[in-house]
Every structure is written in structure tokens, then in C-alpha cells.
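Novice: Just passing along the structure, written as C-alpha cells.
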2 protein chains.
Amino acid sequence: MKTAFLGLGVMGYPMAGHLKRAGHDVTVYNRTPAKAAAWVAEYGGASAATPAEAAKGADIVFVCVGNDNDLREVVAGPDGAFAGMAKGAILADHTTASADIARELGGLAAEKGLGFLDAPVSGGQAGAVNGKLTVMVGGTDGDFAKAQPVMAHYGRAVTLMGPVGSGQLTKMVNQICIAGLVQALSEGLNFAKCAGLDPNKVVEVISKGAAQSWQMENRVATMAENKFEFGFAVDWMRKDLAICLEEAKRNKAALPVTSLVDQFYGRIQARGGNRWDTSSLIDLLARP
Amino acid sequence: MKTAFLGLGVMGYPMAGHLKRAGHDVTVYNRTPAKAAAWVAEYGGASAATPAEAAKGADIVFVCVGNDNDLREVVAGPDGAFAGMAKGAILADHTTASADIARELGGLAAEKGLGFLDAPVSGGQAGAVNGKLTVMVGGTDGDFAKAQPVMAHYGRAVTLMGPVGSGQLTKMVNQICIAGLVQALSEGLNFAKCAGLDPNKVVEVISKGAAQSWQMENRVATMAENKFEFGFAVDWMRKDLAICLEEAKRNKAALPVTSLVDQFYGRIQARGGNRWDTSSLIDLLARP
């Protein structure tokens, strides 16, 4: 299949690579051209000077950029993907962005006779590299049926959640569940330390029961040692939580703990922990 | 082995039953004598009119009552277990109580030449009935070595966490991790409902990744349908959180989200949800 991939960050770079290795025709675009050149040197394929040019003739155009504004520029800007796509082509957006912009771009796509899928992912850089991402998709059955087998090259689970916007909303639920959970885990492990218990030993015992979580099983070792220079960065989490809190206003969904944890992440940013993993919430308890 | 079991509530009743079925000599005591009579009718063994009488001649005396005050009365009161126990016997307390009272009773036991283990459990009524509890123990290696094989009749995992008090502190970590986690899950699922997503479908997708938790996998179906008439009651959770918050003051451990969730549980009590499962936090978001 002829595809384009726009945005070669830590996620997009390996995701586009999976498409190429699976035998698809891939033309890449990246704001910093050197990265596109590096990608072509590694995988073959072609690079283009603008999103519109990359998108020309593609059956599916994949996007994975930073935020709503980047996305609008790359997709609907003067040299954006929409300007190059032919009728019937599909734009599949892997950016974690607002449901609003998904609906805005979905509407624009429909006017132009294009398909649109919002398809944020979870699983992190490791998931992108190993091709084991979870992909949460919003869009029509028809567009999903065409894109799903292609996304399967980097997605272990690719699921249609509902109409355009539903992928983003599902990702928001994911981030909301994680934020308060990591804070609770941080309070528990910090309490354990303060009480003179060995956090690793405590978790070995309590992770067999109702307190168990992926975060508990995968983060306790590093949290016990105050190691945060890895994983999902606080800056990215705060971007995602801002989207959640904005959407919650519209839907009148109360997020008392999520908004509090968002504030805590703000304090971690203020002390320079922008690139720290989300589990660094425990540092704020240990060194208030 | 000659044992006594004091307190035949929803946990103690089946726990004592496991000991009897495993061939141990069990004398029971319960504040309401009818329950002790029912237990003897079901399992055999004997019942006694006071804790002291039940404890007479026992190698290990097990206790599982409601709170610190009940515990002090049953163990160290005029007719308490200590009054009946012979030197060298061990008192093993399965009550979820404060680390303070564990140390207080541990100190009294030492003065009398008795052993003491604080050994709160997790796993709920089902775990007690199926003999699959997690038992978190504080005490000496010697006392633990004697009691562990007996506790194994109802404990799938029986672990020594440190000196007297460590069992209670470990249980506190467990409850702290659960409180904020259930609130985060509630905010996520309520958000999903408000956004028009199917919470069950969302969880099917996100439980494959970093948002996964035992609570997510075991509570979403009932939370999606606002069913709370089962499980671990809000009243009990609030009792446990009070112990955590008190202990945290002593240890200077910050529990900002735990204390907030404790307040939420207080509001659920105020609307009559005392016996509801802890997952009823979502009801407070849906009907503020």
C-alpha cells in the first residue's frame, strides 16, 4: 500500500519503520529534515519537503506529532497533508490530541471526500520499537477496516472505539486512570519508606491482591531508588492532562484527584523534572 | 496444635474453620455467644465464655476483631486472652488495627513471657472462605516460624515483614495504594460515561497497558452499572484510612490524595452508603 508518515519523533520513527519493513511504500516528512534523511538512510523509502508532497498519492497518511497546533499545521495548513491527498484517501492521526481537533479535522476531511481516524497510542517508546502498541481508534467502520491491517504492523491491539474523537477520549480515560493511580502508589511507597519498611518487599506481598497494578509491578524498583530519568516524561503527561481537564469541562465530568495530580506535576516541572518519568510524584512527597 | 480463635466475624468464622478442618484443636470465643455456638455446631471444637478461658492451654491464640478498642479488651482486658495464656504461648492478631496497639500489646506480651504477632490480612471474605488470604506479619523470627505453618491453612501467602507493628504498617500501605487508585479509576470511568464511551469496552482496551490494575479488572462491570451492594464496605475502609492518616502524622508521611479520598468516603457515609463497596466513589462523581 502507498503510505506517508508525518512526524518522526521517538514514536513515529520506529512506527514508520515497521510499515516499511512490512513491505509498504512509505514517504516520510519531518519538520527537522535531518531526521527524515536519517530514517530514509535506515529504512529506504523516500522523504518529502512538505506534508502535502509526502501525502501525494498515498492511500493512508499517518501522522504522529506533538500537540493540537502542530497537528493542525501538518494536516490542514497551506502545505498540509489535506492539500496533497486524493479523494478516498484516509488520514490516520496517532498524536495524543484533543477530541475537539479530531472532530475539526474529521469534519474538514469529510468536506474534501477524505477519511479521518483519530488513533492515539499507548505503550511508549518500547511499544513503538517492538511493534506492540495499543491503538485506540475513532472513525467510521469503513475507514477503520482499511487502516486496521496496516496499523497492526506496530499495534498489538487496534480497536475501534466509536465515531471520530472516540480514540482521543479513550486515551484520556487511560491517562486519568494512571495519574491518580501513580499518586496513590507514590503515597503508599513513601509511607512505607517513612515507616521503615522495605518498599520492594511490601510490594512483593501486596501486589498479590486488590492493590495490584501495572505501575506497582513496573515502577516500584525505580521509585524505591528515586530514579526517574526514563519513561513517560512529566511534560508529556501534563500536556495530556490539560486535554483531559479541558474535555471534562465540556462533558461536566468531575476530576478532583486528576486535577490535583496535575498540579503536583506542575510542581515537579518547577523544580526541573520536566523529563522525569511520571512516577517522580514520589519525589514531591519525599522532598516537599 | 492446641489453638484458640477469638472473634468469629465474616473473616474469623471461616478462618477458625480452616484450622479445625486441618486437624487442630480449636476453642472459639465470640462476643455474641450465638455465633460461637453456630461455629461449634458446624465445625465441632469447643467454645468458651471469655477470651481468657478460650486461651487457657493454647499454644497459639488467634484474634480477629473490629478495631483497636475491641482488640485491647479481648487481649489485655480483665478476662482477656493474656490472662489465660501460659508462658511461651503466642498471640497472633489478624485484626486490621494501628501499629501503636500492636506495639503496646507486643510490649505487654513480652513482659508476660508471651509471643506476639500482628498479622492483618487482605483478600476479603472470599479469601477467608477459600483459604487464600494474604497475611502480613510483624514479630520475631521465632514466633513467626511457629505460627506460619498454622496460618498457612487460610493464608496463600504468609510473610514476615519486620518487627512487631510491621504487619499493620504493610496493610496500611495496601489501603493507601487502593484508596487513590479506586478514585482515579472512578474518575476515568465516570469521564468515559460522560463522554459517551462504553466503560467496559474502554477497560478492555486500556487494561492491556500502563493503566491496568486489579481494581480495573475486577470492578469495572459493577461500577458501570452503579452496583455497590457487595465487597469491602466504606465503613471499614474509613476505619483503615483513619489508622493510616494517624500513623502518617507520626512518620511525617504526606498523604494528600489519601486524605482527600477519605473525605469522599465520608460523604458516601453521609448519604447512607456505609455498607457499599469502596468502588462507590464513582457514585459521588456521577451524583455529586
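Each chain of the C-alpha cells is named A, B, ... in the order shown, its residues numbered from 1; ligands are numbered from 1 in display order.
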Just the residues within 12 Å of Gly167 (chain B), please, counting only C-alpha atoms, with nothing from its chain fewer than 2 positions along; format it as number ranges by chain.
Specialist: A: 192, 195-197, 201-202, 205-206; B: 92-103, 116-122, 134-140, 144, 158-165, 169-174
Novice: Got time to write the residues from that selection, C-alpha atoms, as a CSV table (one decimal), in the first residue's frame?
Specialist:
```csv
chain,number,residue,atom,x,y,z
A,192,ALA,CA,6.4,2.5,53.6
A,195,ALA,CA,7.6,3.7,58.4
A,196,GLY,CA,10.9,1.9,57.9
A,197,LEU,CA,9.6,-0.9,55.6
A,201,LYS,CA,9.3,-6.3,50.0
A,202,VAL,CA,6.0,-4.6,50.7
A,205,VAL,CA,3.3,-9.0,49.2
A,206,ILE,CA,0.6,-6.6,48.4
B,92,ALA,CA,-1.4,-13.8,66.7
B,93,ASP,CA,-3.7,-10.8,65.9
B,94,HIS,CA,-5.4,-10.8,62.5
B,95,THR,CA,-7.3,-7.5,63.2
B,96,THR,CA,-6.5,-4.6,61.0
B,97,ALA,CA,-5.5,-2.2,63.7
B,98,SER,CA,-2.9,0.5,64.5
B,99,ALA,CA,0.8,-0.2,64.6
B,100,ASP,CA,0.6,1.5,68.0
B,101,ILE,CA,-1.6,-1.0,69.6
B,102,ALA,CA,0.5,-3.8,68.1
B,103,ARG,CA,3.5,-2.4,69.8
B,116,PHE,CA,3.0,-11.5,69.9
B,117,LEU,CA,2.5,-11.3,66.1
B,118,ASP,CA,0.5,-8.6,64.4
B,119,ALA,CA,-0.9,-10.3,61.3
B,120,PRO,CA,-3.6,-8.3,59.4
B,121,VAL,CA,-4.9,-10.0,56.2
B,122,SER,CA,-6.1,-9.0,52.8
B,134,THR,CA,-2.5,-12.7,52.2
B,135,VAL,CA,-1.1,-12.4,55.7
B,136,MET,CA,1.3,-9.6,56.6
B,137,VAL,CA,3.1,-10.3,59.8
B,138,GLY,CA,5.2,-8.3,62.3
B,139,GLY,CA,7.1,-10.0,65.0
B,140,THR,CA,10.2,-12.1,65.8
B,144,PHE,CA,6.7,-16.4,63.1
B,158,VAL,CA,2.1,-15.5,54.9
B,159,THR,CA,5.1,-13.1,55.1
B,160,LEU,CA,7.2,-11.8,57.9
B,161,MET,CA,7.6,-8.0,57.2
B,162,GLY,CA,9.7,-7.0,60.2
B,163,PRO,CA,9.4,-6.4,64.0
B,164,VAL,CA,6.0,-6.1,65.8
B,165,GLY,CA,3.9,-3.4,64.0
B,169,LEU,CA,2.2,-0.9,58.5
B,170,THR,CA,2.2,-3.1,55.4
B,171,LYS,CA,-1.6,-3.4,55.5
B,172,MET,CA,-1.7,0.4,55.7
B,173,VAL,CA,0.4,0.7,52.5
B,174,ASN,CA,-2.0,-1.7,50.9
```
Novice: Please, can I see chain B fitted onto chain A by all in-order Cα atoms (least squares), as a compact mmCIF listing (two decimals) with C-alpha atoms, in the first residue's frame?
Specialist:
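This went into out-v9.txt:
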```txt
# COMPACT_ATOMS: atom_id res chain seq x y z
CA MET B 1 0.00 0.00 -0.01
CA LYS B 2 1.18 3.55 -0.68
CA THR B 3 1.52 5.42 2.61
CA ALA B 4 3.00 8.57 4.07
CA PHE B 5 4.21 9.07 7.63
CA LEU B 6 4.40 12.61 8.99
CA GLY B 7 6.35 13.17 12.23
CA LEU B 8 9.39 11.02 13.06
CA GLY B 9 9.71 11.56 16.81
CA VAL B 10 10.50 8.78 19.30
CA MET B 11 7.17 7.17 18.41
CA GLY B 12 6.76 7.96 14.71
CA TYR B 13 10.28 6.98 13.68
CA PRO B 14 10.00 3.29 14.61
CA MET B 15 6.29 3.13 13.65
CA ALA B 16 7.08 4.29 10.12
CA GLY B 17 9.93 1.78 10.11
CA HIS B 18 7.52 -1.10 10.82
CA LEU B 19 5.40 -0.06 7.83
CA LYS B 20 8.41 -0.01 5.50
CA ARG B 21 9.72 -3.37 6.76
CA ALA B 22 6.27 -4.88 6.23
CA GLY B 23 6.64 -4.02 2.54
CA HIS B 24 4.57 -0.84 2.30
CA ASP B 25 5.62 2.12 0.18
CA VAL B 26 6.42 4.84 2.76
CA THR B 27 7.20 8.52 2.12
CA VAL B 28 8.16 10.38 5.28
CA TYR B 29 8.08 14.02 6.31
CA ASN B 30 9.62 15.57 9.41
CA ARG B 31 9.84 19.22 10.45
CA THR B 32 13.59 18.76 11.06
CA PRO B 33 14.71 17.32 7.68
CA ALA B 34 17.85 15.65 9.10
CA LYS B 35 15.66 13.12 10.92
CA ALA B 36 13.80 12.27 7.73
CA ALA B 37 17.16 11.78 5.99
CA ALA B 38 18.31 9.48 8.81
CA TRP B 39 15.08 7.49 8.53
CA VAL B 40 15.51 7.06 4.75
CA ALA B 41 19.14 6.02 5.29
CA GLU B 42 18.00 3.37 7.77
CA TYR B 43 14.87 2.03 6.10
CA GLY B 44 14.91 3.13 2.44
CA GLY B 45 11.71 4.74 1.16
CA ALA B 46 11.56 8.43 0.33
CA SER B 47 11.28 11.75 2.13
CA ALA B 48 9.38 14.86 1.09
CA ALA B 49 9.89 18.56 1.77
CA THR B 50 6.28 19.23 2.88
CA PRO B 51 3.42 17.18 4.32
CA ALA B 52 1.39 17.85 1.15
CA GLU B 53 4.14 16.45 -1.04
CA ALA B 54 4.59 13.37 1.16
CA ALA B 55 0.82 12.76 1.11
CA LYS B 56 0.52 12.91 -2.68
CA GLY B 57 -0.89 9.65 -4.01
CA ALA B 58 -0.92 7.94 -0.60
CA ASP B 59 -3.82 5.61 0.30
CA ILE B 60 -3.27 6.32 4.00
CA VAL B 61 -1.38 9.23 5.55
CA PHE B 62 -0.22 8.61 9.13
CA VAL B 63 0.59 11.49 11.45
CA CYS B 64 2.33 11.50 14.84
CA VAL B 65 3.26 14.96 16.08
CA GLY B 66 3.35 16.87 19.37
CA ASN B 67 0.09 18.63 20.01
CA ASP B 68 -3.10 20.17 18.57
CA ASN B 69 -1.31 23.12 16.94
CA ASP B 70 1.39 21.00 15.29
CA LEU B 71 -1.32 18.66 14.11
CA ARG B 72 -3.48 21.40 12.58
CA GLU B 73 -0.44 22.81 10.75
CA VAL B 74 0.76 19.46 9.39
CA VAL B 75 -2.70 18.28 8.34
CA ALA B 76 -4.70 21.39 7.39
CA GLY B 77 -2.01 24.05 6.90
CA PRO B 78 -1.19 25.55 3.45
CA ASP B 79 1.33 22.75 2.79
CA GLY B 80 -0.53 20.25 4.96
CA ALA B 81 -1.43 16.67 4.15
CA PHE B 82 -5.00 17.49 3.09
CA ALA B 83 -3.60 19.70 0.30
CA GLY B 84 -1.87 16.69 -1.25
CA MET B 85 -4.34 13.86 -0.65
CA ALA B 86 -6.61 12.44 -3.35
CA LYS B 87 -10.32 11.73 -2.75
CA GLY B 88 -10.92 8.49 -0.88
CA ALA B 89 -7.58 8.59 0.93
CA ILE B 90 -7.52 8.32 4.73
CA LEU B 91 -5.67 10.39 7.29
CA ALA B 92 -4.88 8.42 10.46
CA ASP B 93 -3.63 10.55 13.33
CA HIS B 94 -1.56 8.91 16.09
CA THR B 95 -0.96 12.16 18.00
CA THR B 96 -2.39 12.33 21.52
CA ALA B 97 -4.53 15.42 20.99
CA SER B 98 -7.93 16.82 21.90
CA ALA B 99 -11.20 15.23 20.78
CA ASP B 100 -12.07 18.72 19.52
CA ILE B 101 -9.32 18.85 16.94
CA ALA B 102 -10.13 15.28 15.91
CA ARG B 103 -13.69 16.41 15.18
CA GLU B 104 -12.46 19.60 13.49
CA LEU B 105 -10.09 17.72 11.17
CA GLY B 106 -12.62 14.92 10.70
CA GLY B 107 -15.14 17.50 9.51
CA LEU B 108 -12.64 19.10 7.12
CA ALA B 109 -11.71 15.66 5.78
CA ALA B 110 -15.35 14.81 5.11
CA GLU B 111 -15.79 18.06 3.15
CA LYS B 112 -12.85 17.05 0.96
CA GLY B 113 -14.03 13.47 0.45
CA LEU B 114 -11.27 12.10 2.68
CA GLY B 115 -11.42 9.65 5.56
CA PHE B 116 -10.19 10.54 9.05
CA LEU B 117 -9.26 8.38 12.03
CA ASP B 118 -8.05 9.65 15.40
CA ALA B 119 -5.81 6.88 16.67
CA PRO B 120 -3.69 7.77 19.72
CA VAL B 121 -1.47 5.02 21.05
CA SER B 122 -0.21 3.77 24.39
CA GLY B 123 2.76 1.56 25.13
CA GLY B 124 5.50 4.16 24.98
CA GLN B 125 8.74 4.15 23.01
CA ALA B 126 9.32 0.46 23.79
CA GLY B 127 5.89 -0.41 22.40
CA ALA B 128 6.63 1.57 19.24
CA VAL B 129 10.02 -0.09 18.76
CA ASN B 130 8.68 -3.62 19.45
CA GLY B 131 5.51 -3.08 17.41
CA LYS B 132 3.32 -3.73 20.44
CA LEU B 133 1.35 -0.53 20.80
CA THR B 134 -2.27 -0.28 21.87
CA VAL B 135 -4.11 1.82 19.27
CA MET B 136 -7.43 3.44 20.26
CA VAL B 137 -9.33 4.49 17.16
CA GLY B 138 -12.23 6.84 16.44
CA GLY B 139 -13.85 6.93 13.01
CA THR B 140 -16.14 5.06 10.61
CA ASP B 141 -16.23 1.27 10.24
CA GLY B 142 -15.17 1.61 6.60
CA ASP B 143 -12.08 3.75 7.25
CA PHE B 144 -11.14 1.56 10.21
CA ALA B 145 -11.39 -1.62 8.14
CA LYS B 146 -8.92 -0.21 5.60
CA ALA B 147 -6.42 1.16 8.15
CA GLN B 148 -6.54 -1.56 10.81
CA PRO B 149 -4.40 -4.17 8.98
CA VAL B 150 -1.74 -1.53 8.29
CA MET B 151 -1.69 -0.24 11.88
CA ALA B 152 -1.38 -3.86 13.03
CA HIS B 153 2.30 -3.73 11.96
CA TYR B 154 3.02 -1.68 15.07
CA GLY B 155 -0.18 -2.23 17.08
CA ARG B 156 -0.71 -5.38 19.15
CA ALA B 157 -4.28 -4.25 19.77
CA VAL B 158 -6.02 -1.88 17.33
CA THR B 159 -9.61 -1.20 18.42
CA LEU B 160 -12.39 0.96 17.01
CA MET B 161 -13.95 2.80 19.97
CA GLY B 162 -16.68 4.82 18.22
CA PRO B 163 -17.02 7.86 15.94
CA VAL B 164 -14.25 10.40 15.30
CA GLY B 165 -12.95 11.68 18.65
CA SER B 166 -13.50 8.37 20.47
CA GLY B 167 -9.88 7.34 20.15
CA GLN B 168 -8.75 10.54 21.88
CA LEU B 169 -11.43 10.19 24.57
CA THR B 170 -10.30 6.62 25.30
CA LYS B 171 -6.69 7.75 25.61
CA MET B 172 -7.87 10.43 28.06
CA VAL B 173 -9.52 7.77 30.23
CA ASN B 174 -6.20 5.92 30.19
CA GLN B 175 -4.25 8.98 31.38
CA ILE B 176 -6.85 9.84 34.05
CA CYS B 177 -6.66 6.30 35.46
CA ILE B 178 -2.86 6.48 35.51
CA ALA B 179 -2.47 9.92 37.13
CA GLY B 180 -4.30 9.21 40.40
CA LEU B 181 -3.03 5.64 40.48
CA VAL B 182 0.61 6.73 40.35
CA GLN B 183 -0.05 9.31 43.08
CA ALA B 184 -1.66 6.65 45.29
CA LEU B 185 1.27 4.31 44.68
CA SER B 186 3.67 7.16 45.49
CA GLU B 187 1.87 7.89 48.76
CA GLY B 188 1.95 4.19 49.64
CA LEU B 189 5.63 3.67 48.88
CA ASN B 190 6.70 6.92 50.54
CA PHE B 191 4.67 5.93 53.62
CA ALA B 192 6.42 2.54 53.57
CA LYS B 193 9.84 4.22 53.51
CA CYS B 194 8.88 6.65 56.30
CA ALA B 195 7.64 3.71 58.40
CA GLY B 196 10.92 1.83 57.95
CA LEU B 197 9.57 -0.87 55.64
CA ASP B 198 11.36 -2.11 52.52
CA PRO B 199 9.14 -0.89 49.63
CA ASN B 200 10.21 -3.75 47.35
CA LYS B 201 9.29 -6.35 49.97
CA VAL B 202 5.96 -4.64 50.69
CA VAL B 203 5.07 -4.63 47.00
CA GLU B 204 6.06 -8.27 46.64
CA VAL B 205 3.35 -9.03 49.21
CA ILE B 206 0.57 -6.56 48.36
CA SER B 207 0.84 -6.94 44.58
CA LYS B 208 -0.83 -10.34 44.99
CA GLY B 209 -4.12 -8.63 45.92
CA ALA B 210 -6.51 -5.74 45.40
CA ALA B 211 -3.75 -3.08 45.41
CA GLN B 212 -2.03 -4.61 42.36
CA SER B 213 -1.36 -2.50 39.29
CA TRP B 214 0.94 -2.42 36.26
CA GLN B 215 2.53 0.70 37.74
CA MET B 216 3.16 -1.11 41.05
CA GLU B 217 4.78 -4.06 39.31
CA ASN B 218 6.85 -1.99 36.89
CA ARG B 219 7.84 1.12 38.84
CA VAL B 220 8.48 0.16 42.47
CA ALA B 221 12.16 -0.75 41.94
CA THR B 222 13.02 2.64 40.44
CA MET B 223 10.73 4.59 42.78
CA ALA B 224 12.40 2.94 45.78
CA GLU B 225 15.73 4.28 44.51
CA ASN B 226 14.46 7.71 43.39
CA LYS B 227 15.37 7.03 39.75
CA PHE B 228 13.25 8.97 37.30
CA GLU B 229 15.49 9.58 34.26
CA PHE B 230 13.49 7.38 31.90
CA GLY B 231 9.92 6.52 30.88
CA PHE B 232 7.01 8.85 30.14
CA ALA B 233 8.01 12.46 30.76
CA VAL B 234 6.13 14.76 33.13
CA ASP B 235 5.94 17.39 30.34
CA TRP B 236 4.00 14.96 28.14
CA MET B 237 1.76 13.85 30.97
CA ARG B 238 0.90 17.47 31.75
CA LYS B 239 0.07 18.09 28.10
CA ASP B 240 -2.26 15.07 28.18
CA LEU B 241 -3.87 16.04 31.49
CA ALA B 242 -4.56 19.55 30.17
CA ILE B 243 -6.53 17.94 27.34
CA CYS B 244 -8.41 15.73 29.83
CA LEU B 245 -9.29 18.65 32.12
CA GLU B 246 -10.48 20.74 29.18
CA GLU B 247 -12.63 17.92 27.81
CA ALA B 248 -14.02 17.25 31.32
CA LYS B 249 -15.32 20.82 31.49
CA ARG B 250 -17.28 20.26 28.31
CA ASN B 251 -18.68 16.92 29.47
CA LYS B 252 -19.23 18.06 33.07
CA ALA B 253 -17.10 15.21 34.41
CA ALA B 254 -15.57 15.89 37.84
CA LEU B 255 -11.85 15.14 38.07
CA PRO B 256 -10.87 16.25 41.60
CA VAL B 257 -7.85 13.98 42.07
CA THR B 258 -6.73 14.19 38.45
CA SER B 259 -6.63 17.99 38.68
CA LEU B 260 -4.74 17.81 41.98
CA VAL B 261 -2.16 15.44 40.49
CA ASP B 262 -1.84 17.77 37.51
CA GLN B 263 -0.87 20.49 40.00
CA PHE B 264 1.71 18.16 41.55
CA TYR B 265 3.22 17.56 38.11
CA GLY B 266 3.37 21.32 37.73
CA ARG B 267 5.49 21.50 40.87
CA ILE B 268 7.80 18.80 39.52
CA GLN B 269 8.23 20.88 36.36
CA ALA B 270 9.00 23.92 38.53
CA ARG B 271 11.87 22.05 40.14
CA GLY B 272 13.26 21.00 36.77
CA GLY B 273 11.85 17.49 36.50
CA ASN B 274 10.30 18.08 33.06
CA ARG B 275 11.86 14.98 31.53
CA TRP B 276 11.39 12.75 34.58
CA ASP B 277 9.08 9.74 34.43
CA THR B 278 5.54 10.20 35.78
CA SER B 279 6.49 8.07 38.82
CA SER B 280 8.51 11.06 40.08
CA LEU B 281 5.39 12.09 42.04
CA ILE B 282 7.01 10.22 44.95
CA ASP B 283 9.90 12.72 44.92
CA LEU B 284 7.46 15.51 45.72
CA LEU B 285 6.32 13.59 48.81
CA ALA B 286 9.85 12.77 49.92
CA ARG B 287 11.23 16.29 49.29
CA PRO B 288 8.20 18.58 49.55
```
Novice: Would you list, as a VMD selection string, the residues of region 11-69 of chain A that end up in strand (DSSP E) under DSSP run on this structure's backbone?
Specialist: chain A and resid 25 to 29 46 to 47 60 to 63
Novice: Go ahead and write the residues just picked, N, CA and C atoms, as a PDB file, in the first residue's frame.
Specialist:
```
ATOM      1  N   ASP A  25       4.917   0.972   0.798  1.00  0.00           N
ATOM      2  CA  ASP A  25       5.598   2.109   0.182  1.00  0.00           C
ATOM      3  C   ASP A  25       5.429   3.288   1.166  1.00  0.00           C
ATOM      4  N   VAL A  26       6.529   3.794   1.719  1.00  0.00           N
ATOM      5  CA  VAL A  26       6.435   4.849   2.748  1.00  0.00           C
ATOM      6  C   VAL A  26       7.220   6.098   2.348  1.00  0.00           C
ATOM      7  N   THR A  27       6.522   7.249   2.307  1.00  0.00           N
ATOM      8  CA  THR A  27       7.203   8.527   2.134  1.00  0.00           C
ATOM      9  C   THR A  27       7.074   9.291   3.450  1.00  0.00           C
ATOM     10  N   VAL A  28       8.212   9.749   3.969  1.00  0.00           N
ATOM     11  CA  VAL A  28       8.169  10.398   5.275  1.00  0.00           C
ATOM     12  C   VAL A  28       8.355  11.905   5.154  1.00  0.00           C
ATOM     13  N   TYR A  29       7.827  12.591   6.171  1.00  0.00           N
ATOM     14  CA  TYR A  29       8.080  14.018   6.311  1.00  0.00           C
ATOM     15  C   TYR A  29       8.368  14.281   7.779  1.00  0.00           C
ATOM     16  N   ALA A  46      11.235   7.094   0.811  1.00  0.00           N
ATOM     17  CA  ALA A  46      11.543   8.439   0.319  1.00  0.00           C
ATOM     18  C   ALA A  46      11.160   9.459   1.366  1.00  0.00           C
ATOM     19  N   SER A  47      11.732  10.663   1.249  1.00  0.00           N
ATOM     20  CA  SER A  47      11.273  11.746   2.107  1.00  0.00           C
ATOM     21  C   SER A  47      10.790  12.892   1.224  1.00  0.00           C
ATOM     22  N   ILE A  60      -3.102   5.897   2.601  1.00  0.00           N
ATOM     23  CA  ILE A  60      -3.262   6.302   4.001  1.00  0.00           C
ATOM     24  C   ILE A  60      -2.087   7.192   4.407  1.00  0.00           C
ATOM     25  N   VAL A  61      -2.390   8.319   5.032  1.00  0.00           N
ATOM     26  CA  VAL A  61      -1.366   9.227   5.555  1.00  0.00           C
ATOM     27  C   VAL A  61      -1.404   9.131   7.088  1.00  0.00           C
ATOM     28  N   PHE A  62      -0.303   8.694   7.671  1.00  0.00           N
ATOM     29  CA  PHE A  62      -0.209   8.600   9.131  1.00  0.00           C
ATOM     30  C   PHE A  62       0.469   9.845   9.678  1.00  0.00           C
ATOM     31  N   VAL A  63       0.016  10.300  10.842  1.00  0.00           N
ATOM     32  CA  VAL A  63       0.604  11.480  11.469  1.00  0.00           C
ATOM     33  C   VAL A  63       0.908  11.149  12.929  1.00  0.00           C
TER      34      VAL A  63
END
```
Novice: As number ranges by chain, which residues of region 125-202 of chain A does DSSP assign to helix (DSSP H, G or I)?
Specialist: A: 125-130, 141-151, 166-194, 199-202
